[in-house]
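What's in my_file-v3.txt: compact mmCIF, C-alpha atoms
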```txt
# COMPACT_ATOMS: atom_id res chain seq x y z
CA MET A 1 14.12 -11.48 9.79
CA LEU A 2 15.27 -14.31 7.56
CA ALA A 3 11.77 -14.77 6.18
CA THR A 4 11.52 -11.06 5.42
CA ALA A 5 14.90 -11.07 3.66
CA ARG A 6 13.97 -14.20 1.71
CA ARG A 7 10.73 -12.66 0.54
CA ILE A 8 12.47 -9.58 -0.76
CA LEU A 9 15.55 -11.21 -2.24
CA ASN A 10 14.10 -14.51 -3.48
CA ASP A 11 17.42 -16.13 -2.68
CA ASP A 12 18.26 -18.14 0.44
CA ALA A 13 22.01 -17.52 0.51
CA ALA A 14 21.61 -13.80 -0.13
CA ALA A 15 18.89 -13.65 2.53
CA GLN A 16 21.19 -15.22 5.12
CA ASP A 17 23.98 -12.77 4.29
CA CYS A 18 21.44 -9.99 4.46
CA VAL A 19 20.31 -10.98 7.96
CA GLN A 20 23.92 -11.04 9.20
CA GLU A 21 24.40 -7.62 7.70
CA ALA A 22 21.16 -6.43 9.30
CA PHE A 23 22.31 -7.61 12.73
CA LEU A 24 25.60 -5.79 12.26
CA ASN A 25 23.74 -2.67 11.19
CA ALA A 26 21.45 -3.00 14.20
CA PHE A 27 24.37 -3.14 16.62
CA ARG A 28 26.07 -0.25 14.87
CA SER A 29 23.01 1.90 15.35
CA LEU A 30 22.00 0.87 18.84
CA GLU A 31 21.50 4.45 19.92
CA ARG A 32 18.52 4.70 17.54
CA PHE A 33 16.69 1.93 19.33
CA GLU A 34 14.41 3.53 21.88
CA ALA A 35 11.75 1.21 23.23
CA ARG A 36 11.19 -2.50 23.53
CA SER A 37 7.81 -2.26 21.81
CA THR A 38 9.44 -1.06 18.61
CA LEU A 39 12.21 -3.66 18.52
CA ALA A 40 10.53 -6.08 16.13
CA THR A 41 9.59 -3.23 13.82
CA TRP A 42 13.06 -1.71 14.14
CA LEU A 43 14.83 -4.97 13.26
CA THR A 44 12.44 -5.70 10.42
CA ARG A 45 13.00 -2.19 9.06
CA ILE A 46 16.79 -2.68 9.20
CA THR A 47 16.45 -6.05 7.45
CA ILE A 48 14.26 -4.54 4.74
CA ASN A 49 16.74 -1.73 4.22
CA ALA A 50 19.64 -4.15 3.94
CA ALA A 51 17.67 -6.31 1.50
CA LEU A 52 16.71 -3.30 -0.62
CA MET A 53 20.36 -2.20 -0.75
CA ARG A 54 21.30 -5.65 -2.02
CA LEU A 55 18.53 -5.58 -4.59
CA ARG A 56 19.72 -2.23 -5.93
CA SER A 57 23.20 -3.59 -6.48
CA ARG A 58 21.94 -6.77 -8.14
CA THR A 59 21.80 -7.08 -11.92
CA ARG A 60 18.21 -7.02 -12.96
CA ARG A 61 16.93 -10.10 -14.78
CA ASN A 62 14.95 -9.89 -17.99
CA GLU A 63 11.47 -9.05 -16.87
CA GLN A 64 8.08 -9.11 -18.51
CA SER A 65 6.69 -5.61 -18.88
CA ILE A 66 4.06 -4.77 -16.27
CA ASP A 67 1.94 -3.29 -19.07
CA GLU A 68 1.51 -6.73 -20.60
CA LEU A 69 0.07 -7.96 -17.32
CA GLY A 70 -2.50 -5.22 -16.85
CA PRO A 71 -6.26 -5.17 -17.38
CA GLU A 72 -7.75 -4.89 -20.87
CA PHE A 73 -10.19 -2.26 -22.07
CA ASP A 74 -11.91 -1.63 -25.40
CA GLN A 75 -11.90 1.71 -27.26
CA ASN A 76 -14.71 2.99 -24.99
CA ALA A 77 -12.73 2.30 -21.79
CA CYS A 78 -14.99 -0.72 -21.09
CA ARG A 79 -13.31 -3.65 -19.41
CA ILE A 80 -12.78 -6.87 -21.33
CA GLU A 81 -12.93 -9.62 -18.73
CA PRO A 82 -13.98 -13.26 -18.86
CA HIS A 83 -16.75 -14.47 -16.59
CA TRP A 84 -14.97 -16.29 -13.80
CA LEU A 85 -16.39 -19.35 -12.10
CA PHE A 86 -14.00 -19.73 -9.21
CA PRO A 87 -13.34 -23.34 -8.33
CA GLY A 88 -13.74 -24.31 -4.71
CA ASP A 89 -12.65 -22.58 -1.58
CA THR A 90 -9.40 -20.61 -1.87
CA ASP A 91 -8.24 -21.50 1.66
CA GLU A 92 -8.77 -25.17 0.96
CA LEU A 93 -6.82 -24.96 -2.28
CA LEU A 94 -3.97 -23.23 -0.55
CA GLN A 95 -3.55 -26.21 1.74
CA ARG A 96 -2.02 -27.93 -1.29
CA ARG A 97 1.71 -27.51 -1.40
CA GLU A 98 1.93 -27.40 -5.22
CA ILE A 99 -0.62 -24.58 -5.37
CA ARG A 100 1.26 -22.57 -2.74
CA GLU A 101 4.51 -23.07 -4.63
CA LEU A 102 2.88 -22.06 -7.87
CA VAL A 103 1.50 -18.84 -6.37
CA ARG A 104 4.92 -18.01 -4.91
CA ALA A 105 6.53 -18.65 -8.30
CA LYS A 106 4.03 -16.31 -9.96
CA ILE A 107 4.83 -13.58 -7.44
CA ALA A 108 8.53 -14.09 -8.16
CA GLU A 109 7.78 -13.45 -11.86
CA LEU A 110 6.53 -9.93 -11.18
CA PRO A 111 8.82 -7.09 -12.28
CA GLU A 112 11.05 -6.33 -9.32
CA GLN A 113 9.98 -2.80 -8.45
CA HIS A 114 6.36 -3.94 -8.40
CA ARG A 115 7.07 -7.19 -6.56
CA ILE A 116 8.86 -5.29 -3.80
CA VAL A 117 5.90 -2.98 -3.23
CA LEU A 118 3.54 -5.97 -3.13
CA MET A 119 5.80 -7.66 -0.58
CA LEU A 120 6.18 -4.62 1.64
CA ARG A 121 2.51 -3.62 1.58
CA ASP A 122 0.60 -6.91 1.39
CA ILE A 123 2.97 -9.34 3.06
CA GLU A 124 5.06 -7.25 5.49
CA GLU A 125 1.98 -5.06 6.02
CA LEU A 126 3.86 -1.77 6.08
CA SER A 127 1.81 1.36 5.49
CA THR A 128 1.86 3.22 2.18
CA LEU A 129 3.83 6.01 3.87
CA GLU A 130 6.41 3.59 5.30
CA VAL A 131 6.93 1.97 1.91
CA ALA A 132 7.22 5.37 0.24
CA GLU A 133 9.94 6.36 2.73
CA LEU A 134 11.85 3.10 2.29
CA LEU A 135 11.76 3.35 -1.48
CA GLU A 136 12.31 7.10 -1.50
CA THR A 137 9.22 7.77 -3.55
CA THR A 138 5.73 9.23 -3.11
CA GLU A 139 2.67 7.57 -1.58
CA GLY A 140 0.90 7.97 -4.92
CA ALA A 141 3.66 6.07 -6.70
CA VAL A 142 3.46 3.29 -4.09
CA LYS A 143 -0.31 2.96 -4.56
CA THR A 144 0.07 2.86 -8.33
CA ARG A 145 2.79 0.22 -8.16
CA LEU A 146 0.82 -1.81 -5.63
CA HIS A 147 -2.26 -1.79 -7.83
CA ARG A 148 -0.30 -2.76 -10.93
CA ALA A 149 1.48 -5.54 -9.02
CA ARG A 150 -1.81 -6.97 -7.76
CA ALA A 151 -3.42 -6.68 -11.20
CA ALA A 152 -0.40 -8.44 -12.73
CA LEU A 153 -0.55 -11.19 -10.10
CA LYS A 154 -4.24 -11.66 -10.90
CA LYS A 155 -3.36 -12.03 -14.57
CA LEU A 156 -0.61 -14.54 -13.78
CA LEU A 157 -2.98 -16.58 -11.61
CA GLU A 158 -5.78 -16.62 -14.18
CA PRO A 159 -4.72 -19.98 -15.68
CA LEU A 160 -5.47 -21.49 -12.27
CA TRP A 161 -9.04 -20.28 -12.48
CA ARG A 162 -9.41 -20.95 -16.19
CA ASP A 163 -8.00 -24.45 -16.22
CA GLY A 164 -9.05 -25.37 -12.73
CA MET A 165 -6.84 -26.28 -9.86
CA ALA A 166 -7.33 -30.02 -10.12
CA MET B 167 -31.51 -15.01 -26.31
CA MET B 168 -27.93 -14.54 -25.22
CA VAL B 169 -26.75 -10.94 -25.36
CA SER B 170 -23.17 -10.73 -26.53
CA ASP B 171 -20.43 -9.23 -24.36
CA ARG B 172 -19.66 -6.81 -27.16
CA PHE B 173 -23.25 -5.54 -27.26
CA MET B 174 -23.26 -5.11 -23.48
CA ARG B 175 -20.04 -3.13 -23.66
CA ARG B 176 -21.65 -0.80 -26.21
CA VAL B 177 -24.62 -0.28 -23.88
CA LYS B 178 -22.25 0.48 -21.01
CA ALA B 179 -20.22 2.85 -23.14
CA TRP B 180 -23.46 4.77 -23.83
CA MET B 181 -24.22 4.87 -20.09
CA PHE B 182 -20.72 6.09 -19.26
CA ARG B 183 -21.29 9.05 -21.57
CA HIS B 184 -24.89 9.90 -20.70
CA VAL B 185 -25.73 8.78 -17.15
CA HIS B 186 -24.84 11.22 -14.41
CA GLY B 187 -22.32 9.89 -11.88
CA MET B 188 -21.09 7.05 -14.06
CA ILE B 189 -17.40 6.31 -14.48
CA THR B 190 -15.76 4.14 -17.11
CA CYS B 191 -14.13 0.82 -16.26
CA ALA B 192 -10.71 2.43 -16.79
CA GLU B 193 -11.60 5.13 -14.23
CA PHE B 194 -13.00 2.48 -11.88
CA GLU B 195 -9.56 0.86 -11.99
CA THR B 196 -7.93 3.87 -10.36
CA PHE B 197 -10.17 3.64 -7.27
CA ILE B 198 -9.58 -0.02 -6.44
CA VAL B 199 -6.69 0.26 -3.97
CA ASP B 200 -8.41 2.99 -1.96
CA TYR B 201 -11.77 1.17 -2.10
CA LEU B 202 -10.28 -2.02 -0.65
CA GLU B 203 -8.62 -0.02 2.12
CA GLY B 204 -11.80 1.88 2.93
CA GLY B 205 -10.11 5.06 1.79
CA LEU B 206 -12.79 6.47 -0.53
CA GLY B 207 -14.90 9.45 0.46
CA PRO B 208 -18.70 9.00 0.55
CA ALA B 209 -19.25 10.45 -2.94
CA GLN B 210 -16.44 8.38 -4.48
CA GLN B 211 -17.74 5.28 -2.71
CA ARG B 212 -21.22 5.82 -4.19
CA ILE B 213 -19.82 6.29 -7.68
CA PHE B 214 -17.60 3.21 -7.35
CA GLU B 215 -20.46 1.03 -6.10
CA LEU B 216 -22.85 2.32 -8.76
CA HIS B 217 -20.35 1.19 -11.38
CA LEU B 218 -19.96 -2.18 -9.66
CA ARG B 219 -23.73 -2.72 -9.72
CA ILE B 220 -24.06 -2.22 -13.44
CA CYS B 221 -20.79 -3.75 -14.66
CA ARG B 222 -20.47 -7.52 -14.60
CA GLU B 223 -16.90 -7.36 -15.96
CA CYS B 224 -15.72 -5.12 -13.12
CA ARG B 225 -17.46 -7.30 -10.54
CA ASP B 226 -15.69 -10.36 -11.88
CA TYR B 227 -12.42 -8.45 -12.16
CA LEU B 228 -12.63 -7.18 -8.58
CA GLU B 229 -13.43 -10.64 -7.23
CA ALA B 230 -10.47 -12.16 -9.10
CA TYR B 231 -8.26 -9.28 -7.91
CA ARG B 232 -9.31 -9.84 -4.29
CA ARG B 233 -8.61 -13.56 -4.62
CA ALA B 234 -5.18 -12.90 -6.10
CA VAL B 235 -4.34 -10.57 -3.19
CA ALA B 236 -5.65 -13.09 -0.65
CA MET B 237 -3.69 -15.94 -2.23
CA GLY B 238 -0.53 -13.84 -2.32
CA LYS B 239 -0.88 -13.07 1.37
CA ALA B 240 -1.77 -16.64 2.31
CA VAL B 241 1.24 -18.30 0.69
CA PHE B 242 3.63 -16.23 2.79
CA ASP B 243 1.62 -16.61 5.96
CA ASP B 244 4.00 -19.21 7.34
CA GLY B 245 4.16 -18.00 10.90
CA ASP B 246 7.59 -16.61 10.23
CA ALA B 247 6.44 -13.29 8.87
CA VAL B 248 7.13 -11.24 11.97
CA VAL B 249 9.67 -11.43 14.72
CA PRO B 250 8.00 -13.61 17.37
CA ALA B 251 7.15 -11.91 20.64
CA ASP B 252 9.51 -14.09 22.68
CA VAL B 253 12.59 -13.32 20.60
CA PRO B 254 12.82 -9.60 21.37
CA GLU B 255 13.29 -10.37 25.07
CA ASP B 256 16.65 -12.02 24.34
CA MET B 257 17.44 -9.35 21.84
CA VAL B 258 16.67 -6.60 24.33
CA LYS B 259 19.05 -8.20 26.83
CA ALA B 260 21.76 -8.48 24.18
CA ILE B 261 21.28 -4.89 23.12
CA MET B 262 21.25 -3.62 26.67
CA ALA B 263 24.41 -5.61 27.41
CA ALA B 264 26.08 -4.20 24.32
CA ARG B 265 25.02 -0.70 25.33
CA ALA B 266 26.45 -1.18 28.81
CA VAL B 267 29.77 -2.19 27.26
CA ASP B 268 29.70 0.89 24.99
CA GLU B 269 28.98 3.16 27.91
```
Would you mind writing the structure in this file as structure tokens?
Amino acid sequence: MLATARRILNDDAAAQDCVQEAFLNAFRSLERFEARSTLATWLTRITINAALMRLRSRTRRNEQSIDELGPEFDQNACRIEPHWLFPGDTDELLQRREIRELVRAKIAELPEQHRIVLMLRDIEELSTLEVAELLETTEGAVKTRLHRARAALKKLLEPLWRDGMA
Amino acid sequence: MMVSDRFMRRVKAWMFRHVHGMITCAEFETFIVDYLEGGLGPAQQRIFELHLRICRECRDYLEAYRRAVAMGKAVFDDGDAVVPADVPEDMVKAIMAARAVDE
């Protein structure tokens, strides 16, 4: 639960408060808990909800526009993309602490409403429908935000591939 | 002789306009999430893969995109991502105890 809250809030102290709040919320709504098999999901869902509530009340930082981090096309809708020569094995690279920290920092740079969708879909592995319900939006909007978040993350990670990960 | 990227893009632009079943790179972009989730229908899948075969830029883009997604997932894969299976047992007991008190 703490890890989930941390991932959403990007803030240790806030994540700890959020987990306490989530536990309180869980005990307040005990009657909604129905089966042991859903407990982990139920608690995670409550934690995510509490974290999202906190995010909504938080002042938004200055963010880079997602449009600046998207793919590039020419006037004929042809992609402009460098030829990538990916260095080494990704899993091996991710064993290095500084690379892992750098990737996490790049994810933290994503505009918040896109970062949240990336977290919920790719990291928490919720379905598109579940994310749409949590964020009170449509599945189409979730897919669009997810794609733009991933495309932006790709753009932010490009220096790693361009300059090497040495 | 090296063919420039710009020349190749002009050739592709011609194909997008004149070859049946071709989509532009910008249209290709809109299929990526569903493609990676196996959510395209057979016809869409064929169109997507036809584009991939002829477009080096989209192949490179898709590979970089996949790697970015994989790296994003991997850096949070710290074994703490889900509630461990042995924790709910205690939690169940606590919840049941709390319920008994309520009742």
Residue hits in chain B, query chain A, radius 6 Å, all atoms listed in the file, as a ChimeraX atom specification: /B:179,190-192,223,231,234,239,241,249
Separation of atom CA of B:Ile198 from atom CA of B:Cys221 in Å: 14.4 Å
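Take atom CA of B:Ile220 and atom CA of B:Val185: the distance between them is 11.7 Å.
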Distance in Å - atom CA of A:Pro111 versus atom CA of A:Ile8: 12.3 Å
Spatial neighbours of A:Glu139, 6 Å, all atoms listed in the file, chain gap at least 5 places, as a PyMOL selection string: chain A and resi 128-129+132
Among listed residues A:Asp17, A:Ala5, A:Ser29, A:Glu68, nearest A:Thr47 (using all atoms listed in the file): A:Ala5
Point (14.8, -9.5, -0.2), cut-off 9 Å, counting all atoms listed in the file, residues as a ChimeraX atom specification: /A:3-11,14-15,18,47-48,50-52,54-55,116
